[in-house]
$ cat query.pdb   # PDB, C-alpha atoms, pLDDT in the B column
MODEL        1
ATOM      1  CA  LEU A   1     -27.953   3.671   0.225  1.00 57.00           C
ATOM      2  CA  ASP A   2     -31.191   3.424  -1.731  1.00 60.00           C
ATOM      3  CA  TYR A   3     -31.748  -0.084  -0.371  1.00 57.00           C
ATOM      4  CA  TYR A   4     -31.648   1.223   3.172  1.00 55.00           C
ATOM      5  CA  LYS A   5     -34.039   4.036   2.255  1.00 61.00           C
ATOM      6  CA  ILE A   6     -36.593   1.559   0.876  1.00 70.00           C
ATOM      7  CA  LYS A   7     -36.432  -0.933   3.749  1.00 66.00           C
ATOM      8  CA  LYS A   8     -37.808   0.891   6.780  1.00 67.00           C
ATOM      9  CA  GLU A   9     -36.705  -1.837   9.208  1.00 68.00           C
ATOM     10  CA  ALA A  10     -33.115  -1.779   7.958  1.00 63.00           C
ATOM     11  CA  SER A  11     -30.620   0.591   9.512  1.00 65.00           C
ATOM     12  CA  PHE A  12     -27.552   1.753   7.652  1.00 67.00           C
ATOM     13  CA  PRO A  13     -24.381   0.553   9.430  1.00 72.00           C
ATOM     14  CA  LEU A  14     -22.377   3.761   8.830  1.00 74.00           C
ATOM     15  CA  LYS A  15     -23.144   7.330   9.797  1.00 78.00           C
ATOM     16  CA  LEU A  16     -23.167   9.619   6.772  1.00 79.00           C
ATOM     17  CA  ASP A  17     -20.331  11.764   8.153  1.00 85.00           C
ATOM     18  CA  VAL A  18     -18.147   8.635   7.935  1.00 85.00           C
ATOM     19  CA  PHE A  19     -18.535   8.786   4.153  1.00 83.00           C
ATOM     20  CA  ASP A  20     -17.474  12.440   4.199  1.00 86.00           C
ATOM     21  CA  TYR A  21     -14.368  11.504   6.196  1.00 86.00           C
ATOM     22  CA  LEU A  22     -13.540   8.603   3.851  1.00 87.00           C
ATOM     23  CA  TYR A  23     -14.043  10.824   0.813  1.00 87.00           C
ATOM     24  CA  GLU A  24     -11.703  13.430   2.268  1.00 86.00           C
ATOM     25  CA  ILE A  25      -8.830  11.108   3.202  1.00 84.00           C
ATOM     26  CA  THR A  26      -8.996   9.134  -0.069  1.00 86.00           C
ATOM     27  CA  ASP A  27      -9.296  12.209  -2.295  1.00 84.00           C
ATOM     28  CA  GLY A  28     -12.619  10.831  -3.527  1.00 87.00           C
ATOM     29  CA  ARG A  29     -11.274   7.547  -4.912  1.00 86.00           C
ATOM     30  CA  LEU A  30     -14.271   5.224  -4.728  1.00 86.00           C
ATOM     31  CA  ARG A  31     -12.221   2.030  -4.779  1.00 88.00           C
ATOM     32  CA  TYR A  32     -10.452   3.107  -1.596  1.00 86.00           C
ATOM     33  CA  ILE A  33     -13.666   4.338   0.023  1.00 85.00           C
ATOM     34  CA  PHE A  34     -15.455   1.029  -0.494  1.00 85.00           C
ATOM     35  CA  GLY A  35     -12.366  -0.929   0.521  1.00 88.00           C
ATOM     36  CA  LEU A  36     -12.257   0.989   3.798  1.00 87.00           C
ATOM     37  CA  VAL A  37     -16.007   0.532   4.327  1.00 84.00           C
ATOM     38  CA  TYR A  38     -15.587  -3.211   3.839  1.00 85.00           C
ATOM     39  CA  THR A  39     -12.644  -3.281   6.241  1.00 85.00           C
ATOM     40  CA  LEU A  40     -14.494  -1.233   8.857  1.00 83.00           C
ATOM     41  CA  ILE A  41     -17.565  -3.445   8.737  1.00 80.00           C
ATOM     42  CA  ASN A  42     -15.486  -6.608   9.077  1.00 81.00           C
ATOM     43  CA  ARG A  43     -13.108  -5.222  11.697  1.00 79.00           C
ATOM     44  CA  LEU A  44     -15.789  -3.773  13.919  1.00 75.00           C
ATOM     45  CA  GLN A  45     -18.131  -6.742  13.409  1.00 69.00           C
ATOM     46  CA  ILE A  46     -21.242  -4.765  12.572  1.00 61.00           C
ATOM     47  CA  GLY A  47     -24.300  -6.364  14.138  1.00 57.00           C
ATOM     48  CA  ARG A  48     -22.323  -8.307  16.735  1.00 55.00           C
ATOM     49  CA  LEU A  49     -20.302  -5.707  18.601  1.00 52.00           C
ATOM     50  CA  VAL A  50     -21.467  -2.433  17.081  1.00 56.00           C
ATOM     51  CA  GLN A  51     -24.794  -1.456  15.503  1.00 64.00           C
ATOM     52  CA  SER A  52     -23.493   1.494  13.493  1.00 69.00           C
ATOM     53  CA  ILE A  53     -20.153   3.159  12.943  1.00 75.00           C
ATOM     54  CA  SER A  54     -19.756   6.769  14.044  1.00 76.00           C
ATOM     55  CA  SER A  55     -17.083   9.034  12.596  1.00 76.00           C
ATOM     56  CA  GLY A  56     -15.036   8.839  15.814  1.00 83.00           C
ATOM     57  CA  LEU A  57     -15.060   5.056  15.788  1.00 81.00           C
ATOM     58  CA  ALA A  58     -14.282   5.012  12.054  1.00 83.00           C
ATOM     59  CA  LYS A  59     -11.346   7.419  12.415  1.00 85.00           C
ATOM     60  CA  ASP A  60      -9.838   5.428  15.279  1.00 86.00           C
ATOM     61  CA  ALA A  61     -10.179   2.146  13.351  1.00 86.00           C
ATOM     62  CA  ILE A  62      -8.772   3.600  10.120  1.00 87.00           C
ATOM     63  CA  VAL A  63      -5.802   5.214  11.874  1.00 88.00           C
ATOM     64  CA  ALA A  64      -5.069   1.916  13.667  1.00 89.00           C
ATOM     65  CA  LEU A  65      -5.274   0.041  10.356  1.00 87.00           C
ATOM     66  CA  ALA A  66      -2.953   2.530   8.628  1.00 89.00           C
ATOM     67  CA  LYS A  67      -0.418   2.314  11.478  1.00 90.00           C
ATOM     68  CA  GLU A  68      -0.490  -1.493  11.313  1.00 90.00           C
ATOM     69  CA  ARG A  69       0.120  -1.387   7.578  1.00 89.00           C
ATOM     70  CA  MET A  70       2.984   1.101   7.988  1.00 91.00           C
ATOM     71  CA  GLN A  71       4.676  -1.063  10.649  1.00 92.00           C
ATOM     72  CA  LYS A  72       5.283  -3.825   8.115  1.00 92.00           C
ATOM     73  CA  PHE A  73       7.798  -1.570   6.357  1.00 92.00           C
ATOM     74  CA  GLU A  74       9.980  -1.284   9.473  1.00 93.00           C
ATOM     75  CA  LEU A  75      10.880   2.312   8.674  1.00 93.00           C
ATOM     76  CA  THR A  76      13.990   3.846  10.190  1.00 93.00           C
ATOM     77  CA  LYS A  77      13.739   6.993  12.271  1.00 94.00           C
ATOM     78  CA  MET A  78      14.891   9.137   9.344  1.00 93.00           C
ATOM     79  CA  GLU A  79      12.443   7.489   6.938  1.00 94.00           C
ATOM     80  CA  VAL A  80       9.623   8.263   9.372  1.00 93.00           C
ATOM     81  CA  ILE A  81      10.805  11.883   9.561  1.00 93.00           C
ATOM     82  CA  ILE A  82      10.760  12.152   5.764  1.00 94.00           C
ATOM     83  CA  VAL A  83       7.272  10.642   5.588  1.00 94.00           C
ATOM     84  CA  GLU A  84       6.013  12.969   8.334  1.00 94.00           C
ATOM     85  CA  VAL A  85       7.406  16.013   6.493  1.00 94.00           C
ATOM     86  CA  LEU A  86       5.716  14.844   3.297  1.00 94.00           C
ATOM     87  CA  VAL A  87       2.434  14.308   5.140  1.00 93.00           C
ATOM     88  CA  SER A  88       2.519  17.795   6.639  1.00 92.00           C
ATOM     89  CA  ALA A  89       3.559  19.423   3.346  1.00 92.00           C
ATOM     90  CA  GLY A  90       1.365  17.297   1.082  1.00 88.00           C
ATOM     91  CA  GLU A  91       4.103  16.954  -1.511  1.00 90.00           C
ATOM     92  CA  GLN A  92       7.672  18.136  -2.050  1.00 93.00           C
ATOM     93  CA  ASN A  93      10.680  17.710  -4.302  1.00 93.00           C
ATOM     94  CA  VAL A  94      14.025  16.339  -3.118  1.00 94.00           C
ATOM     95  CA  ALA A  95      15.649  19.766  -2.717  1.00 94.00           C
ATOM     96  CA  ASP A  96      12.873  21.089  -0.465  1.00 94.00           C
ATOM     97  CA  LEU A  97      12.799  17.891   1.576  1.00 94.00           C
ATOM     98  CA  ALA A  98      16.580  17.956   2.041  1.00 94.00           C
ATOM     99  CA  LYS A  99      16.373  21.553   3.208  1.00 94.00           C
ATOM    100  CA  ASN A 100      13.492  20.807   5.620  1.00 92.00           C
ATOM    101  CA  ILE A 101      15.232  17.874   7.333  1.00 93.00           C
ATOM    102  CA  ASP A 102      18.776  19.266   7.058  1.00 92.00           C
ATOM    103  CA  LYS A 103      20.221  16.323   5.082  1.00 92.00           C
ATOM    104  CA  ASN A 104      21.985  16.236   1.733  1.00 93.00           C
ATOM    105  CA  ARG A 105      20.032  15.631  -1.475  1.00 93.00           C
ATOM    106  CA  THR A 106      21.748  12.327  -2.259  1.00 94.00           C
ATOM    107  CA  TYR A 107      20.756  10.841   1.084  1.00 94.00           C
ATOM    108  CA  VAL A 108      17.163  12.074   0.744  1.00 94.00           C
ATOM    109  CA  SER A 109      16.952  10.827  -2.842  1.00 94.00           C
ATOM    110  CA  ARG A 110      18.184   7.333  -1.875  1.00 95.00           C
ATOM    111  CA  THR A 111      15.754   7.209   1.027  1.00 94.00           C
ATOM    112  CA  LEU A 112      12.880   8.320  -1.197  1.00 95.00           C
ATOM    113  CA  ASN A 113      13.760   5.645  -3.760  1.00 95.00           C
ATOM    114  CA  LYS A 114      13.499   2.997  -1.024  1.00 95.00           C
ATOM    115  CA  LEU A 115      10.172   4.441   0.150  1.00 95.00           C
ATOM    116  CA  LEU A 116       8.994   4.582  -3.458  1.00 94.00           C
ATOM    117  CA  ALA A 117       9.865   0.905  -4.005  1.00 94.00           C
ATOM    118  CA  GLU A 118       7.844   0.009  -0.907  1.00 94.00           C
ATOM    119  CA  ARG A 119       4.972   2.270  -2.073  1.00 93.00           C
ATOM    120  CA  VAL A 120       5.113   4.404   1.044  1.00 95.00           C
ATOM    121  CA  VAL A 121       5.417   7.438  -1.248  1.00 95.00           C
ATOM    122  CA  SER A 122       4.512   8.122  -4.851  1.00 94.00           C
ATOM    123  CA  VAL A 123       6.155  10.386  -7.394  1.00 95.00           C
ATOM    124  CA  ARG A 124       5.080  12.475 -10.350  1.00 94.00           C
ATOM    125  CA  GLN A 125       7.193  14.337 -12.847  1.00 94.00           C
ATOM    126  CA  VAL A 126       6.654  18.095 -13.233  1.00 91.00           C
ATOM    127  CA  GLY A 127       9.069  19.408 -15.813  1.00 91.00           C
ATOM    128  CA  LYS A 128      12.509  18.390 -14.592  1.00 91.00           C
ATOM    129  CA  GLN A 129      11.406  17.974 -10.984  1.00 91.00           C
ATOM    130  CA  ARG A 130      10.171  14.828  -9.309  1.00 93.00           C
ATOM    131  CA  ILE A 131       7.449  15.650  -6.789  1.00 96.00           C
ATOM    132  CA  TYR A 132       6.951  13.129  -3.975  1.00 96.00           C
ATOM    133  CA  SER A 133       3.757  12.633  -1.995  1.00 93.00           C
ATOM    134  CA  PRO A 134       2.825  10.212   0.806  1.00 94.00           C
ATOM    135  CA  SER A 135       0.649   7.139   0.281  1.00 92.00           C
ATOM    136  CA  LEU A 136      -2.867   7.009   1.686  1.00 89.00           C
ATOM    137  CA  ASP A 137      -1.711   4.821   4.587  1.00 90.00           C
ATOM    138  CA  ALA A 138       1.148   7.207   5.356  1.00 93.00           C
ATOM    139  CA  LYS A 139      -1.179  10.226   5.275  1.00 90.00           C
ATOM    140  CA  VAL A 140      -3.610   8.597   7.670  1.00 88.00           C
ATOM    141  CA  ALA A 141      -0.997   7.057   9.993  1.00 91.00           C
ATOM    142  CA  TYR A 142       1.174  10.177  10.350  1.00 89.00           C
ATOM    143  CA  ALA A 143      -1.453  12.929  10.078  1.00 83.00           C
ATOM    144  CA  GLY A 144      -1.139  13.329  13.698  1.00 62.00           C
TER     145      GLY A 144
ENDMDL
END

$ encode --input "query.pdb" --output "structure tokens"
Amino acid sequence: LDYYKIKKEASFPLKLDVFDYLYEITDGRLRYIFGLVYTLINRLQIGRLVQSISSGLAKDAIVALAKERMQKFELTKMEVIIVEVLVSAGEQNVADLAKNIDKNRTYVSRTLNKLLAERVVSVRQVGKQRIYSPSLDAKVAYAG
């Protein structure tokens, strides 16, 4: 950013509110922010097709990218439902998820293990409970 401040003839390719959006959806993880900036600049061909990226354009491109990445997993209807519930809740344990989608715990646990292996969800241990949360791509693709 300092480079663009020094060079008066240079224009920064991203609007500053795009950084706020990226910070919010990535929970402030710089590696993800800069990865998304790189992807946006390459995808939208800055300088050729677009002179700068607005937040609306950035959101549309990031959501499209996340949906493309989620399609490679070929999720079943029930897996999508589980991911959508996790996205809306932020995080949940197996018992709460099973109650929310009206399925038994064993089924939900098996489904979560498959989603965990594919990195569609992540898990953390809190006492005896395993708390599941959606991946960044899942959050963006199913935020809806």

$ atom_distance --input "query.pdb" --atom1 "CA of Asp17 (chain A)" --atom2 "CA of Ser55 (chain A)"
6.1 Å

$ atom_distance --input "query.pdb" --atom1 "CA of Ala117 (chain A)" --atom2 "CA of Ser88 (chain A)"
21.3 Å

$ atom_distance --input "query.pdb" --atom1 "CA of Tyr132 (chain A)" --atom2 "CA of Lys114 (chain A)"
12.4 Å

$ resolve_selection --input "query.pdb" --expression "the PyMOL selection byres ((chain A and resi 70-77) around 9)" --output "ChimeraX atom specification"
/A:65-69,78-82,115,118,120,137-138,141

$ residues_near_point --input "query.pdb" --point "(3.4, 13.7, -0.1)" --cutoff "6 Å" --atoms "all atoms listed in the file" --output "ChimeraX atom specification"
/A:86-87,90-91,132-134

$ resolve_selection --input "query.pdb" --expression "the PyMOL selection byres ((chain A and resi 95) around 12)" --output "PyMOL selection string"
chain A and resi 91-94+96-109+112+129-132

$ closest_residue --input "query.pdb" --among "A:Val83, A:Leu16, A:Ile6, A:Val37" --to "Leu136 (chain A)" --atoms "only C-alpha atoms"
A:Val83

$ residues_around --input "query.pdb" --residues "Phe34 (chain A)" --least-positions-apart "4" --cutoff "12 Å" --atoms "only C-alpha atoms" --output "NGL selection string"
:A and (14 or 18-19 or 22-23 or 26 or 28-30 or 38-41)

$ decode --input "query.pdb" --residues "region 67-116 of chain A" --atoms "N, CA and C atoms" --output "PDB file, in the first residue's frame"
ATOM      1  N   LYS A  67     -17.750 -21.574  -4.738  1.00  0.00           N
ATOM      2  CA  LYS A  67     -18.717 -22.558  -5.246  1.00  0.00           C
ATOM      3  C   LYS A  67     -18.040 -23.529  -6.203  1.00  0.00           C
ATOM      4  N   GLU A  68     -17.130 -23.040  -7.028  1.00  0.00           N
ATOM      5  CA  GLU A  68     -16.378 -23.934  -7.922  1.00  0.00           C
ATOM      6  C   GLU A  68     -15.576 -24.940  -7.115  1.00  0.00           C
ATOM      7  N   ARG A  69     -14.911 -24.452  -6.078  1.00  0.00           N
ATOM      8  CA  ARG A  69     -14.082 -25.334  -5.258  1.00  0.00           C
ATOM      9  C   ARG A  69     -14.928 -26.349  -4.506  1.00  0.00           C
ATOM     10  N   MET A  70     -16.131 -25.964  -4.084  1.00  0.00           N
ATOM     11  CA  MET A  70     -17.010 -26.893  -3.373  1.00  0.00           C
ATOM     12  C   MET A  70     -17.583 -27.953  -4.311  1.00  0.00           C
ATOM     13  N   GLN A  71     -17.779 -27.620  -5.585  1.00  0.00           N
ATOM     14  CA  GLN A  71     -18.341 -28.576  -6.539  1.00  0.00           C
ATOM     15  C   GLN A  71     -17.435 -29.787  -6.746  1.00  0.00           C
ATOM     16  N   LYS A  72     -16.143 -29.613  -6.558  1.00  0.00           N
ATOM     17  CA  LYS A  72     -15.232 -30.743  -6.778  1.00  0.00           C
ATOM     18  C   LYS A  72     -15.450 -31.876  -5.774  1.00  0.00           C
ATOM     19  N   PHE A  73     -16.110 -31.561  -4.654  1.00  0.00           N
ATOM     20  CA  PHE A  73     -16.361 -32.592  -3.645  1.00  0.00           C
ATOM     21  C   PHE A  73     -17.588 -33.433  -3.960  1.00  0.00           C
ATOM     22  N   GLU A  74     -18.411 -32.986  -4.887  1.00  0.00           N
ATOM     23  CA  GLU A  74     -19.629 -33.704  -5.270  1.00  0.00           C
ATOM     24  C   GLU A  74     -20.430 -34.122  -4.038  1.00  0.00           C
ATOM     25  N   LEU A  75     -20.797 -33.131  -3.239  1.00  0.00           N
ATOM     26  CA  LEU A  75     -21.520 -33.379  -1.999  1.00  0.00           C
ATOM     27  C   LEU A  75     -22.940 -33.861  -2.278  1.00  0.00           C
ATOM     28  N   THR A  76     -23.390 -34.787  -1.443  1.00  0.00           N
ATOM     29  CA  THR A  76     -24.776 -35.247  -1.526  1.00  0.00           C
ATOM     30  C   THR A  76     -25.684 -34.167  -0.951  1.00  0.00           C
ATOM     31  N   LYS A  77     -26.975 -34.338  -1.155  1.00  0.00           N
ATOM     32  CA  LYS A  77     -27.940 -33.366  -0.659  1.00  0.00           C
ATOM     33  C   LYS A  77     -27.836 -33.235   0.869  1.00  0.00           C
ATOM     34  N   MET A  78     -27.698 -34.344   1.557  1.00  0.00           N
ATOM     35  CA  MET A  78     -27.611 -34.310   3.014  1.00  0.00           C
ATOM     36  C   MET A  78     -26.294 -33.681   3.484  1.00  0.00           C
ATOM     37  N   GLU A  79     -25.218 -33.928   2.786  1.00  0.00           N
ATOM     38  CA  GLU A  79     -23.945 -33.292   3.135  1.00  0.00           C
ATOM     39  C   GLU A  79     -24.046 -31.771   2.981  1.00  0.00           C
ATOM     40  N   VAL A  80     -24.703 -31.331   1.928  1.00  0.00           N
ATOM     41  CA  VAL A  80     -24.905 -29.891   1.723  1.00  0.00           C
ATOM     42  C   VAL A  80     -25.741 -29.316   2.858  1.00  0.00           C
ATOM     43  N   ILE A  81     -26.775 -30.035   3.272  1.00  0.00           N
ATOM     44  CA  ILE A  81     -27.620 -29.575   4.381  1.00  0.00           C
ATOM     45  C   ILE A  81     -26.798 -29.424   5.654  1.00  0.00           C
ATOM     46  N   ILE A  82     -25.953 -30.399   5.934  1.00  0.00           N
ATOM     47  CA  ILE A  82     -25.098 -30.342   7.126  1.00  0.00           C
ATOM     48  C   ILE A  82     -24.156 -29.145   7.046  1.00  0.00           C
ATOM     49  N   VAL A  83     -23.548 -28.935   5.894  1.00  0.00           N
ATOM     50  CA  VAL A  83     -22.633 -27.806   5.722  1.00  0.00           C
ATOM     51  C   VAL A  83     -23.385 -26.486   5.882  1.00  0.00           C
ATOM     52  N   GLU A  84     -24.573 -26.391   5.302  1.00  0.00           N
ATOM     53  CA  GLU A  84     -25.365 -25.162   5.421  1.00  0.00           C
ATOM     54  C   GLU A  84     -25.744 -24.877   6.873  1.00  0.00           C
ATOM     55  N   VAL A  85     -26.089 -25.911   7.628  1.00  0.00           N
ATOM     56  CA  VAL A  85     -26.416 -25.732   9.049  1.00  0.00           C
ATOM     57  C   VAL A  85     -25.183 -25.253   9.804  1.00  0.00           C
ATOM     58  N   LEU A  86     -24.034 -25.847   9.498  1.00  0.00           N
ATOM     59  CA  LEU A  86     -22.792 -25.406  10.143  1.00  0.00           C
ATOM     60  C   LEU A  86     -22.462 -23.958   9.790  1.00  0.00           C
ATOM     61  N   VAL A  87     -22.665 -23.592   8.540  1.00  0.00           N
ATOM     62  CA  VAL A  87     -22.389 -22.216   8.117  1.00  0.00           C
ATOM     63  C   VAL A  87     -23.292 -21.243   8.866  1.00  0.00           C
ATOM     64  N   SER A  88     -24.564 -21.571   8.978  1.00  0.00           N
ATOM     65  CA  SER A  88     -25.483 -20.650   9.663  1.00  0.00           C
ATOM     66  C   SER A  88     -25.222 -20.607  11.166  1.00  0.00           C
ATOM     67  N   ALA A  89     -24.807 -21.722  11.751  1.00  0.00           N
ATOM     68  CA  ALA A  89     -24.553 -21.770  13.193  1.00  0.00           C
ATOM     69  C   ALA A  89     -23.140 -21.328  13.553  1.00  0.00           C
ATOM     70  N   GLY A  90     -22.215 -21.432  12.609  1.00  0.00           N
ATOM     71  CA  GLY A  90     -20.818 -21.122  12.899  1.00  0.00           C
ATOM     72  C   GLY A  90     -20.049 -22.363  13.298  1.00  0.00           C
ATOM     73  N   GLU A  91     -20.550 -23.062  14.299  1.00  0.00           N
ATOM     74  CA  GLU A  91     -19.960 -24.328  14.724  1.00  0.00           C
ATOM     75  C   GLU A  91     -20.960 -25.064  15.598  1.00  0.00           C
ATOM     76  N   GLN A  92     -20.871 -26.403  15.574  1.00  0.00           N
ATOM     77  CA  GLN A  92     -21.769 -27.228  16.379  1.00  0.00           C
ATOM     78  C   GLN A  92     -21.127 -28.575  16.660  1.00  0.00           C
ATOM     79  N   ASN A  93     -21.644 -29.247  17.686  1.00  0.00           N
ATOM     80  CA  ASN A  93     -21.217 -30.625  17.946  1.00  0.00           C
ATOM     81  C   ASN A  93     -22.184 -31.574  17.241  1.00  0.00           C
ATOM     82  N   VAL A  94     -21.872 -32.852  17.262  1.00  0.00           N
ATOM     83  CA  VAL A  94     -22.667 -33.853  16.552  1.00  0.00           C
ATOM     84  C   VAL A  94     -24.098 -33.907  17.080  1.00  0.00           C
ATOM     85  N   ALA A  95     -24.265 -33.851  18.385  1.00  0.00           N
ATOM     86  CA  ALA A  95     -25.607 -33.955  18.979  1.00  0.00           C
ATOM     87  C   ALA A  95     -26.501 -32.799  18.514  1.00  0.00           C
ATOM     88  N   ASP A  96     -25.974 -31.591  18.531  1.00  0.00           N
ATOM     89  CA  ASP A  96     -26.774 -30.436  18.095  1.00  0.00           C
ATOM     90  C   ASP A  96     -27.087 -30.508  16.606  1.00  0.00           C
ATOM     91  N   LEU A  97     -26.101 -30.920  15.821  1.00  0.00           N
ATOM     92  CA  LEU A  97     -26.330 -31.061  14.378  1.00  0.00           C
ATOM     93  C   LEU A  97     -27.398 -32.101  14.096  1.00  0.00           C
ATOM     94  N   ALA A  98     -27.308 -33.249  14.766  1.00  0.00           N
ATOM     95  CA  ALA A  98     -28.289 -34.323  14.568  1.00  0.00           C
ATOM     96  C   ALA A  98     -29.693 -33.836  14.908  1.00  0.00           C
ATOM     97  N   LYS A  99     -29.793 -33.068  15.982  1.00  0.00           N
ATOM     98  CA  LYS A  99     -31.090 -32.533  16.383  1.00  0.00           C
ATOM     99  C   LYS A  99     -31.604 -31.523  15.344  1.00  0.00           C
ATOM    100  N   ASN A 100     -30.729 -30.680  14.830  1.00  0.00           N
ATOM    101  CA  ASN A 100     -31.134 -29.644  13.870  1.00  0.00           C
ATOM    102  C   ASN A 100     -31.584 -30.206  12.518  1.00  0.00           C
ATOM    103  N   ILE A 101     -31.000 -31.332  12.098  1.00  0.00           N
ATOM    104  CA  ILE A 101     -31.379 -31.879  10.785  1.00  0.00           C
ATOM    105  C   ILE A 101     -32.249 -33.121  10.903  1.00  0.00           C
ATOM    106  N   ASP A 102     -32.594 -33.491  12.141  1.00  0.00           N
ATOM    107  CA  ASP A 102     -33.483 -34.616  12.413  1.00  0.00           C
ATOM    108  C   ASP A 102     -32.938 -35.938  11.851  1.00  0.00           C
ATOM    109  N   LYS A 103     -31.665 -36.200  12.127  1.00  0.00           N
ATOM    110  CA  LYS A 103     -31.014 -37.471  11.769  1.00  0.00           C
ATOM    111  C   LYS A 103     -30.339 -38.014  13.014  1.00  0.00           C
ATOM    112  N   ASN A 104     -30.013 -39.312  12.994  1.00  0.00           N
ATOM    113  CA  ASN A 104     -29.363 -39.886  14.171  1.00  0.00           C
ATOM    114  C   ASN A 104     -27.883 -39.496  14.224  1.00  0.00           C
ATOM    115  N   ARG A 105     -27.327 -39.560  15.429  1.00  0.00           N
ATOM    116  CA  ARG A 105     -25.944 -39.120  15.653  1.00  0.00           C
ATOM    117  C   ARG A 105     -24.935 -39.919  14.840  1.00  0.00           C
ATOM    118  N   THR A 106     -25.162 -41.210  14.711  1.00  0.00           N
ATOM    119  CA  THR A 106     -24.217 -42.066  13.976  1.00  0.00           C
ATOM    120  C   THR A 106     -24.118 -41.622  12.521  1.00  0.00           C
ATOM    121  N   TYR A 107     -25.263 -41.372  11.916  1.00  0.00           N
ATOM    122  CA  TYR A 107     -25.284 -40.924  10.522  1.00  0.00           C
ATOM    123  C   TYR A 107     -24.555 -39.582  10.380  1.00  0.00           C
ATOM    124  N   VAL A 108     -24.863 -38.649  11.265  1.00  0.00           N
ATOM    125  CA  VAL A 108     -24.239 -37.322  11.218  1.00  0.00           C
ATOM    126  C   VAL A 108     -22.735 -37.436  11.458  1.00  0.00           C
ATOM    127  N   SER A 109     -22.343 -38.265  12.397  1.00  0.00           N
ATOM    128  CA  SER A 109     -20.921 -38.447  12.695  1.00  0.00           C
ATOM    129  C   SER A 109     -20.160 -39.016  11.498  1.00  0.00           C
ATOM    130  N   ARG A 110     -20.737 -40.036  10.845  1.00  0.00           N
ATOM    131  CA  ARG A 110     -20.106 -40.610   9.643  1.00  0.00           C
ATOM    132  C   ARG A 110     -19.989 -39.574   8.531  1.00  0.00           C
ATOM    133  N   THR A 111     -21.046 -38.813   8.347  1.00  0.00           N
ATOM    134  CA  THR A 111     -21.041 -37.780   7.308  1.00  0.00           C
ATOM    135  C   THR A 111     -19.998 -36.713   7.619  1.00  0.00           C
ATOM    136  N   LEU A 112     -19.912 -36.314   8.874  1.00  0.00           N
ATOM    137  CA  LEU A 112     -18.912 -35.319   9.268  1.00  0.00           C
ATOM    138  C   LEU A 112     -17.491 -35.844   9.087  1.00  0.00           C
ATOM    139  N   ASN A 113     -17.279 -37.132   9.355  1.00  0.00           N
ATOM    140  CA  ASN A 113     -15.947 -37.706   9.146  1.00  0.00           C
ATOM    141  C   ASN A 113     -15.551 -37.655   7.673  1.00  0.00           C
ATOM    142  N   LYS A 114     -16.503 -37.890   6.776  1.00  0.00           N
ATOM    143  CA  LYS A 114     -16.228 -37.794   5.342  1.00  0.00           C
ATOM    144  C   LYS A 114     -15.906 -36.342   4.973  1.00  0.00           C
ATOM    145  N   LEU A 115     -16.709 -35.412   5.479  1.00  0.00           N
ATOM    146  CA  LEU A 115     -16.478 -33.993   5.204  1.00  0.00           C
ATOM    147  C   LEU A 115     -15.158 -33.515   5.805  1.00  0.00           C
ATOM    148  N   LEU A 116     -14.806 -34.076   6.943  1.00  0.00           N
ATOM    149  CA  LEU A 116     -13.536 -33.744   7.593  1.00  0.00           C
ATOM    150  C   LEU A 116     -12.359 -34.240   6.760  1.00  0.00           C
TER     151      LEU A 116
END
